[in-house]
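Structure file model_25.txt (compact mmCIF, C-alpha atoms) is printed below.
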# COMPACT_ATOMS: atom_id res chain seq x y z
CA SER Z 1 2.18 70.61 65.74
CA ASP Z 2 -0.88 68.54 66.61
CA VAL Z 3 1.10 65.46 65.55
CA CYS Z 4 2.71 65.60 69.01
CA SER Z 5 -0.06 64.32 71.25
CA SER Z 6 -0.25 65.36 74.90
CA ASP Z 7 -0.75 61.74 75.93
CA LEU Z 8 2.66 60.74 74.55
CA GLY Z 9 4.01 57.94 76.73
CA LYS Z 10 0.60 56.75 77.90
CA ARG Z 11 0.33 54.37 74.97
CA PRO Z 12 3.04 51.80 74.17
CA ALA Z 13 5.10 52.71 71.13
CA PRO Z 14 5.02 50.42 68.10
CA ILE Z 15 8.31 48.86 66.98
CA THR Z 16 8.00 50.43 63.56
CA ALA Z 17 5.87 53.18 62.01
CA ASP Z 18 4.55 53.41 58.46
CA ILE Z 19 4.44 56.95 57.10
CA GLU Z 20 2.41 57.89 54.02
CA PRO Z 21 3.49 61.43 53.09
CA THR Z 22 1.31 61.67 49.97
CA ASN Z 23 -1.44 59.86 48.09
CA ALA Z 24 -0.36 61.32 44.73
CA CYS Z 25 1.30 58.85 42.37
CA ASN Z 26 2.85 58.67 38.91
CA ILE Z 27 1.62 55.16 38.04
CA ASN Z 28 -1.71 53.31 38.33
CA CYS Z 29 -1.33 49.82 39.81
CA GLN Z 30 -4.39 47.69 39.08
CA TRP Z 31 -4.79 46.66 42.73
CA CYS Z 32 -4.26 50.13 44.21
CA TYR Z 33 -7.02 50.70 46.77
CA PRO Z 34 -6.94 54.54 46.69
CA MET Z 35 -7.19 54.44 42.90
CA GLN Z 36 -9.93 51.78 42.76
CA THR Z 37 -12.13 53.62 45.26
CA GLY Z 38 -11.58 57.08 43.76
CA PHE Z 39 -10.01 58.27 47.01
CA ARG Z 40 -6.80 59.40 45.30
CA GLU Z 41 -8.60 61.54 42.75
CA GLU Z 42 -10.96 63.09 45.29
CA TYR Z 43 -8.40 63.72 48.05
CA LYS Z 44 -5.11 64.09 46.16
CA ALA Z 45 -2.85 65.80 48.66
CA HIS Z 46 0.52 65.88 50.42
CA MET Z 47 0.95 65.69 54.17
CA ASN Z 48 1.39 69.15 55.69
CA LYS Z 49 5.07 70.16 55.74
CA ASP Z 50 5.15 71.04 59.46
CA ARG Z 51 3.47 67.78 60.39
CA LEU Z 52 5.80 65.70 58.24
CA LEU Z 53 8.93 67.32 59.62
CA ALA Z 54 7.67 67.00 63.21
CA LEU Z 55 7.19 63.23 62.86
CA PRO Z 56 10.82 62.08 63.25
CA GLY Z 57 11.30 63.77 66.64
CA PHE Z 58 7.85 62.66 67.80
CA LEU Z 59 8.50 59.02 66.85
CA LYS Z 60 11.95 59.05 68.44
CA ASP Z 61 10.64 60.50 71.70
CA TRP Z 62 7.77 58.01 71.73
CA GLY Z 63 10.20 55.09 71.53
CA VAL Z 64 9.59 53.88 67.98
CA LYS Z 65 12.62 51.88 66.77
CA CYS Z 66 12.38 52.49 63.01
CA ALA Z 67 10.07 53.79 60.31
CA GLN Z 68 9.32 53.23 56.64
CA VAL Z 69 7.97 55.69 54.11
CA THR Z 70 5.34 54.10 51.90
CA GLY Z 71 2.02 54.79 50.12
CA GLY Z 72 -0.78 55.73 49.67
CA GLY Z 73 1.01 57.23 46.74
CA GLU Z 74 4.63 57.55 45.62
CA PRO Z 75 6.58 58.94 48.63
CA LEU Z 76 9.17 60.65 46.43
CA PHE Z 77 6.41 62.92 45.07
CA HIS Z 78 6.32 64.86 48.34
CA PRO Z 79 8.18 68.17 47.89
CA GLU Z 80 9.61 68.00 51.44
CA ILE Z 81 10.85 64.41 51.30
CA GLN Z 82 14.51 65.49 51.36
CA PRO Z 83 14.32 67.49 54.62
CA PHE Z 84 12.22 64.69 56.10
CA PHE Z 85 14.95 62.15 55.33
CA GLN Z 86 17.53 64.51 56.80
CA GLU Z 87 15.51 64.95 59.99
CA MET Z 88 15.16 61.16 60.36
CA LYS Z 89 18.93 60.91 60.12
CA ARG Z 90 19.41 63.72 62.63
CA VAL Z 91 17.31 61.97 65.29
CA GLN Z 92 19.05 58.67 64.44
CA LEU Z 93 15.89 56.76 63.58
CA PRO Z 94 16.46 54.02 60.96
CA LEU Z 95 14.41 54.63 57.82
CA GLY Z 96 13.12 52.46 55.00
CA LEU Z 97 11.58 53.57 51.71
CA ILE Z 98 9.11 51.72 49.50
CA THR Z 99 9.04 53.26 46.02
CA ASN Z 100 8.00 52.38 42.49
CA GLY Z 101 11.48 53.59 41.49
CA VAL Z 102 10.56 55.71 38.47
CA LEU Z 103 11.67 58.97 40.13
CA LEU Z 104 14.76 57.48 41.75
CA ARG Z 105 17.36 59.25 39.66
CA SER Z 106 19.72 62.15 40.33
CA PRO Z 107 19.46 64.15 42.53
CA ILE Z 108 16.82 62.10 44.40
CA ILE Z 109 18.91 58.92 44.26
CA ASP Z 110 21.70 60.77 46.09
CA ILE Z 111 19.31 61.77 48.87
CA VAL Z 112 17.91 58.26 49.22
CA HIS Z 113 21.36 56.68 49.22
CA ASP Z 114 22.64 59.06 51.90
CA PHE Z 115 19.68 58.93 54.28
CA ALA Z 116 17.77 55.64 53.91
CA ASP Z 117 18.77 52.36 55.56
CA TRP Z 118 16.81 50.09 53.25
CA ILE Z 119 14.89 50.57 50.00
CA GLY Z 120 12.19 48.38 48.50
CA PHE Z 121 11.34 48.64 44.80
CA SER Z 122 7.69 47.71 44.16
CA MET Z 123 8.24 45.85 40.89
CA ASP Z 124 5.62 43.07 40.64
CA ALA Z 125 6.82 41.85 37.24
CA GLY Z 126 9.74 40.27 35.43
CA THR Z 127 9.17 41.87 32.00
CA ALA Z 128 8.47 45.39 30.79
CA LYS Z 129 5.29 44.26 29.03
CA THR Z 130 3.68 42.80 32.15
CA TRP Z 131 4.92 45.66 34.32
CA SER Z 132 3.32 48.19 31.95
CA LYS Z 133 0.02 46.29 31.93
CA LEU Z 134 -0.14 46.03 35.72
CA LYS Z 135 1.10 49.55 36.42
CA GLY Z 136 -0.58 51.59 33.70
CA SER Z 137 2.75 53.15 32.74
CA PRO Z 138 4.92 52.99 29.56
CA GLU Z 139 7.21 49.96 29.18
CA LYS Z 140 10.26 52.23 29.02
CA ASN Z 141 9.78 53.04 32.70
CA PHE Z 142 10.46 49.42 33.65
CA ASP Z 143 13.91 49.66 32.06
CA ARG Z 144 14.43 53.05 33.73
CA ILE Z 145 13.68 51.53 37.14
CA ILE Z 146 16.12 48.65 36.56
CA THR Z 147 18.78 51.21 35.63
CA ASN Z 148 18.02 53.19 38.80
CA MET Z 149 18.15 49.99 40.86
CA GLU Z 150 21.51 49.00 39.36
CA GLU Z 151 22.92 52.47 40.04
CA LEU Z 152 21.76 52.39 43.66
CA ASN Z 153 23.20 48.90 44.14
CA ARG Z 154 26.47 49.97 42.54
CA ARG Z 155 27.05 52.80 45.00
CA LYS Z 156 25.34 51.47 48.14
CA GLN Z 157 27.19 51.37 51.44
CA GLY Z 158 25.18 49.93 54.32
CA VAL Z 159 21.89 50.26 52.42
CA ARG Z 160 19.85 47.11 51.78
CA VAL Z 161 17.89 46.98 48.53
CA ALA Z 162 14.89 44.70 47.92
CA TYR Z 163 13.00 43.73 44.77
CA LYS Z 164 9.35 43.49 45.91
CA TYR Z 165 6.82 41.31 44.11
CA LEU Z 166 3.06 41.00 44.64
CA ILE Z 167 1.81 37.78 43.03
CA ASN Z 168 -1.36 37.69 40.98
CA PRO Z 169 -2.60 35.55 38.05
CA GLN Z 170 -1.11 37.93 35.48
CA ASN Z 171 2.46 37.85 36.78
CA PHE Z 172 3.13 34.68 38.80
CA ARG Z 173 4.92 32.93 35.93
CA GLU Z 174 7.49 35.75 35.83
CA VAL Z 175 8.70 35.25 39.41
CA LEU Z 176 11.80 33.38 38.28
CA GLU Z 177 12.76 36.06 35.74
CA ALA Z 178 12.19 38.77 38.34
CA ALA Z 179 14.42 36.94 40.82
CA ARG Z 180 17.15 36.76 38.18
CA ILE Z 181 16.87 40.51 37.57
CA ALA Z 182 17.03 41.15 41.32
CA LYS Z 183 20.20 39.11 41.67
CA GLU Z 184 21.91 40.42 38.54
CA SER Z 185 21.18 44.03 39.51
CA GLY Z 186 22.74 43.47 42.95
CA CYS Z 187 19.68 43.44 45.20
CA ASP Z 188 20.07 42.05 48.70
CA ASP Z 189 16.54 40.68 49.00
CA PHE Z 190 13.64 39.39 46.93
CA HIS Z 191 10.31 39.87 48.73
CA LEU Z 192 7.35 37.84 47.52
CA ARG Z 193 3.75 37.79 48.69
CA PRO Z 194 0.24 37.60 47.19
CA THR Z 195 -1.81 40.58 46.10
CA TYR Z 196 -4.41 41.33 48.76
CA ASN Z 197 -7.45 40.74 46.53
CA PHE Z 198 -7.35 38.02 43.88
CA GLY Z 199 -11.03 38.57 43.08
CA ILE Z 200 -10.15 41.30 40.58
CA PHE Z 201 -7.62 39.08 38.80
CA GLY Z 202 -8.73 35.43 38.94
CA GLU Z 203 -6.90 32.51 40.52
CA VAL Z 204 -3.26 31.59 41.07
CA ASP Z 205 -1.95 28.01 40.97
CA PHE Z 206 0.13 28.06 44.15
CA ASN Z 207 1.49 24.58 43.49
CA GLU Z 208 3.07 26.03 40.36
CA VAL Z 209 4.28 29.05 42.33
CA ASN Z 210 5.95 26.80 44.89
CA ASP Z 211 7.69 24.89 42.08
CA ILE Z 212 8.97 28.21 40.72
CA LEU Z 213 10.21 29.17 44.17
CA GLU Z 214 12.30 26.02 44.33
CA GLU Z 215 14.00 27.19 41.13
CA VAL Z 216 14.53 30.61 42.65
CA LYS Z 217 16.23 29.07 45.67
CA SER Z 218 18.46 26.96 43.44
CA PHE Z 219 20.38 29.97 42.11
CA GLU Z 220 20.68 31.96 45.34
CA GLY Z 221 24.38 31.08 45.42
CA GLU Z 222 26.84 31.46 48.23
CA ASP Z 223 25.85 35.07 48.88
CA ARG Z 224 22.38 33.77 49.88
CA LYS Z 225 20.13 36.35 48.30
CA SER Z 226 17.01 35.81 50.34
CA THR Z 227 13.51 34.98 49.11
CA ARG Z 228 11.12 36.26 51.77
CA LEU Z 229 7.63 34.75 51.79
CA ASN Z 230 4.69 36.43 53.48
CA SER Z 231 1.77 34.12 54.25
CA SER Z 232 -0.52 36.66 55.89
CA HIS Z 233 -2.85 36.90 52.90
CA GLN Z 234 -2.93 33.38 51.46
CA GLU Z 235 -2.59 30.11 53.35
CA ASP Z 236 -1.29 28.19 50.31
CA LEU Z 237 1.87 30.30 50.03

How does this structure look as structure tokens?
Amino acid sequence: SDVCSSDLGKRPAPITADIEPTNACNINCQWCYPMQTGFREEYKAHMNKDRLLALPGFLKDWGVKCAQVTGGGEPLFHPEIQPFFQEMKRVQLPLGLITNGVLLRSPIIDIVHDFADWIGFSMDAGTAKTWSKLKGSPEKNFDRIITNMEELNRRKQGVRVAYKYLINPQNFREVLEAARIAKESGCDDFHLRPTYNFGIFGEVDFNEVNDILEEVKSFEGEDRKSTRLNSSHQEDL
């Protein structure tokens, strides 16, 4: 496969690799770059099977320490995602998955549980109404995702689960409710960072966000569910 370059070893390997196996998706996030630009509609496609299944061995040989499957689109849409997960396990390369969670039910949830080391649910809301507005998907899917998340957390063994939240003016007042859901459903982590482009939404009062975060920290409890803050996109957070 041409994924295995002849100059392997001449360039230093990254610590981690992001893999986008497809740009097809089952929801329509308002801030999604491929959707906003029309790229998804014009170039809707899956990564070639041979290329996808060659990646784990290539990354391992190169010296990459871990990888995460992300989008682009919804990774679980790729028809060869199961053998890809199995190949990552075979070469003993730790694997993370970022998913919207709608498709994460049997038998896919069994595959993810058995082969992924950590899973991030891209939630971005604390209520079904806001989730539906931001994601362009029926409210019932929010409840379905929470059920899938609870099931994964119930059976997990050595798998870390994160509730991921991109802040924007339409959802920042639901951070506390989302953190409660994350804790009550058994998530290990609550990841919080700003949406990359506030221009399409308006402004966020980050003083208010920081006050909300103090409330979030107050009910972490002895198990220390973590609130991870990413300041790469907004200095105020």

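Between CA of Ala125 in chain Z and CA of Asn171 in chain Z the interatomic distance comes to 5.9 Å.
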
Inset, instruction - Using all atoms listed in the file, pick whichever of Z:Asn141, Z:Asn28, Z:Thr22, Z:Asn100 has the shortest atom-to-atom distance to Pro75 in chain Z. - result: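 Ranked by minimum distance to Pro75 in chain Z, first place goes to Z:Thr22.
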
Inset, instruction - For CA of Lys183 in chain Z and CA of Trp31 in chain Z, determine how far apart the two atoms are, in Å to one decimal place. - result: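 Value for the CA of Lys183 in chain Z-CA of Trp31 in chain Z distance: 26.1 Å.
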
Inset, instruction - Neighbourhood query: residues within 8 Å of (9.5, 55.7, 61.0), file coordinates, counting only C-alpha atoms; return as a list in words. - result: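 Checked against the point, the hits come out as Thr16, Ala17, Asp18, Ile19, Pro56, Leu59, Val64, Lys65, Cys66, Ala67, Gln68, Val69, Met88, Leu93, Pro94, Leu95 and Gly96 of chain Z.
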
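Distances to Glu42 in chain Z were evaluated for Z:Leu97, Z:Pro194, Z:Asn23, Z:Glu184 using all atoms listed in the file, and the minimum falls at Z:Asn23.
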
Legend entry - Between CA of Val204 in chain Z and CA of Glu139 in chain Z, distance in Å (one decimal):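 It comes out at 24.3 Å.
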
Inset, instruction - Within 12 Å of Leu176 in chain Z, counting all atoms listed in the file, which residues show up once you throw out same-chain ones fewer than 4 positions away? Write them as a PyMOL selection string, please. - result: chain Z and resi 124-127+165+167+171-172+180-183+190+192+208-220+227

Legend entry - Using all atoms listed in the file: which of Z:Gln82, Z:Asn48, Z:Asn168, Z:Ser106 has the shortest distance to Thr130 in chain Z: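 Of Z:Gln82, Z:Asn48, Z:Asn168, Z:Ser106, the one nearest Thr130 in chain Z, counting all atoms listed in the file, is Z:Asn168.
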
Inset, instruction - Go through Z:His113, Z:His46, Z:Arg51, Z:His78 one by one, measure the shortest atom-to-atom distance of each to Arg155 in chain Z using all atoms listed in the file, and give the residue with the smallest value. - result: Z:His113

Inset, instruction - Choose the residue, out of Z:Leu166, Z:Ala13, Z:Val175, Z:Ile111, that has the smallest atom-to-atom separation from Phe58 in chain Z; count all atoms listed in the file. - result: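 Smallest distance to Phe58 in chain Z is found for Z:Ala13.
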
Inset, instruction - Write out as a list in words each polymer residue whose atoms come within 12 Å of Glu41 in chain Z, counting all atoms listed in the file; drop sequence neighbours fewer than 2 positions from it. - result: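 Listing them by chain and then by number gives Asn23, Ala24, Cys25, Asn28, Tyr33, Pro34, Met35, Gln36, Thr37, Gly38, Phe39, Tyr43, Lys44, Ala45, Gly72 and Gly73 of chain Z.
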
For the residues in the current selection, export C-alpha atoms as a compact mmCIF listing (two decimals), in the frame of the given file.
# COMPACT_ATOMS: atom_id res chain seq x y z
CA ASN Z 23 -1.44 59.86 48.09
CA ALA Z 24 -0.36 61.32 44.73
CA CYS Z 25 1.30 58.85 42.37
CA ASN Z 28 -1.71 53.31 38.33
CA TYR Z 33 -7.02 50.70 46.77
CA PRO Z 34 -6.94 54.54 46.69
CA MET Z 35 -7.19 54.44 42.90
CA GLN Z 36 -9.93 51.78 42.76
CA THR Z 37 -12.13 53.62 45.26
CA GLY Z 38 -11.58 57.08 43.76
CA PHE Z 39 -10.01 58.27 47.01
CA TYR Z 43 -8.40 63.72 48.05
CA LYS Z 44 -5.11 64.09 46.16
CA ALA Z 45 -2.85 65.80 48.66
CA GLY Z 72 -0.78 55.73 49.67
CA GLY Z 73 1.01 57.23 46.74

Near Thr147 in chain Z, within 12 Å and counting all atoms listed in the file, which residues show up once chain neighbours fewer than 5 positions away are dropped, as a PDB file with C-alpha atoms, in the coordinates of the input?
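And here is the file that came out, selection.pdb:
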ATOM      1  CA  GLY Z 101      11.480  53.590  41.490  1.00  0.00           C
ATOM      2  CA  VAL Z 102      10.560  55.710  38.470  1.00  0.00           C
ATOM      3  CA  LEU Z 103      11.670  58.970  40.130  1.00  0.00           C
ATOM      4  CA  LEU Z 104      14.760  57.480  41.750  1.00  0.00           C
ATOM      5  CA  ARG Z 105      17.360  59.250  39.660  1.00  0.00           C
ATOM      6  CA  SER Z 106      19.720  62.150  40.330  1.00  0.00           C
ATOM      7  CA  ILE Z 109      18.910  58.920  44.260  1.00  0.00           C
ATOM      8  CA  LYS Z 140      10.260  52.230  29.020  1.00  0.00           C
ATOM      9  CA  ASN Z 141       9.780  53.040  32.700  1.00  0.00           C
ATOM     10  CA  PHE Z 142      10.460  49.420  33.650  1.00  0.00           C
ATOM     11  CA  LEU Z 152      21.760  52.390  43.660  1.00  0.00           C
ATOM     12  CA  ASN Z 153      23.200  48.900  44.140  1.00  0.00           C
ATOM     13  CA  ARG Z 154      26.470  49.970  42.540  1.00  0.00           C
ATOM     14  CA  ILE Z 181      16.870  40.510  37.570  1.00  0.00           C
ATOM     15  CA  ALA Z 182      17.030  41.150  41.320  1.00  0.00           C
ATOM     16  CA  GLU Z 184      21.910  40.420  38.540  1.00  0.00           C
ATOM     17  CA  SER Z 185      21.180  44.030  39.510  1.00  0.00           C
ATOM     18  CA  GLY Z 186      22.740  43.470  42.950  1.00  0.00           C
TER      19      GLY Z 186
END

Legend entry - Distance criterion (all atoms listed in the file): nearest to Trp62 in chain Z out of Z:Val161, Z:Ile81, Z:Ile27, Z:Ile15: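 The answer is Z:Ile15, which sits nearest to Trp62 in chain Z.
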
Can you report as lines of an AutoDock Vina configuration file the centre and edge lengths in Å, to one decimal, of an axis-aligned box around the listed atoms of range 56-71 of chain Z padded with 3 Å on each side?
center_x = 7.3
center_y = 57.8
center_z = 60.9
size_x = 16.6
size_y = 17.9
size_z = 27.6

Inset, instruction - Excluding Ala162 in chain Z and residues on its chain fewer than 6 positions from it, collect all residues at most 7 Å away from it, counting only C-alpha atoms, and give them as a ChimeraX atom specification. - result: /Z:119-121,187-191

Inset, instruction - Extract, using all atoms listed in the file, all DNA, RNA and protein residues at most 7 Å from Cys29 in chain Z, discarding same-chain residues fewer than 4 positions from it, and format them as a PyMOL selection string. - result: chain Z and resi 134-136

Preceding selection exported with C-alpha atoms as a CSV table (one decimal), keeping the file's coordinate frame:
chain,number,residue,atom,x,y,z
Z,134,LEU,CA,-0.1,46.0,35.7
Z,135,LYS,CA,1.1,49.6,36.4
Z,136,GLY,CA,-0.6,51.6,33.7
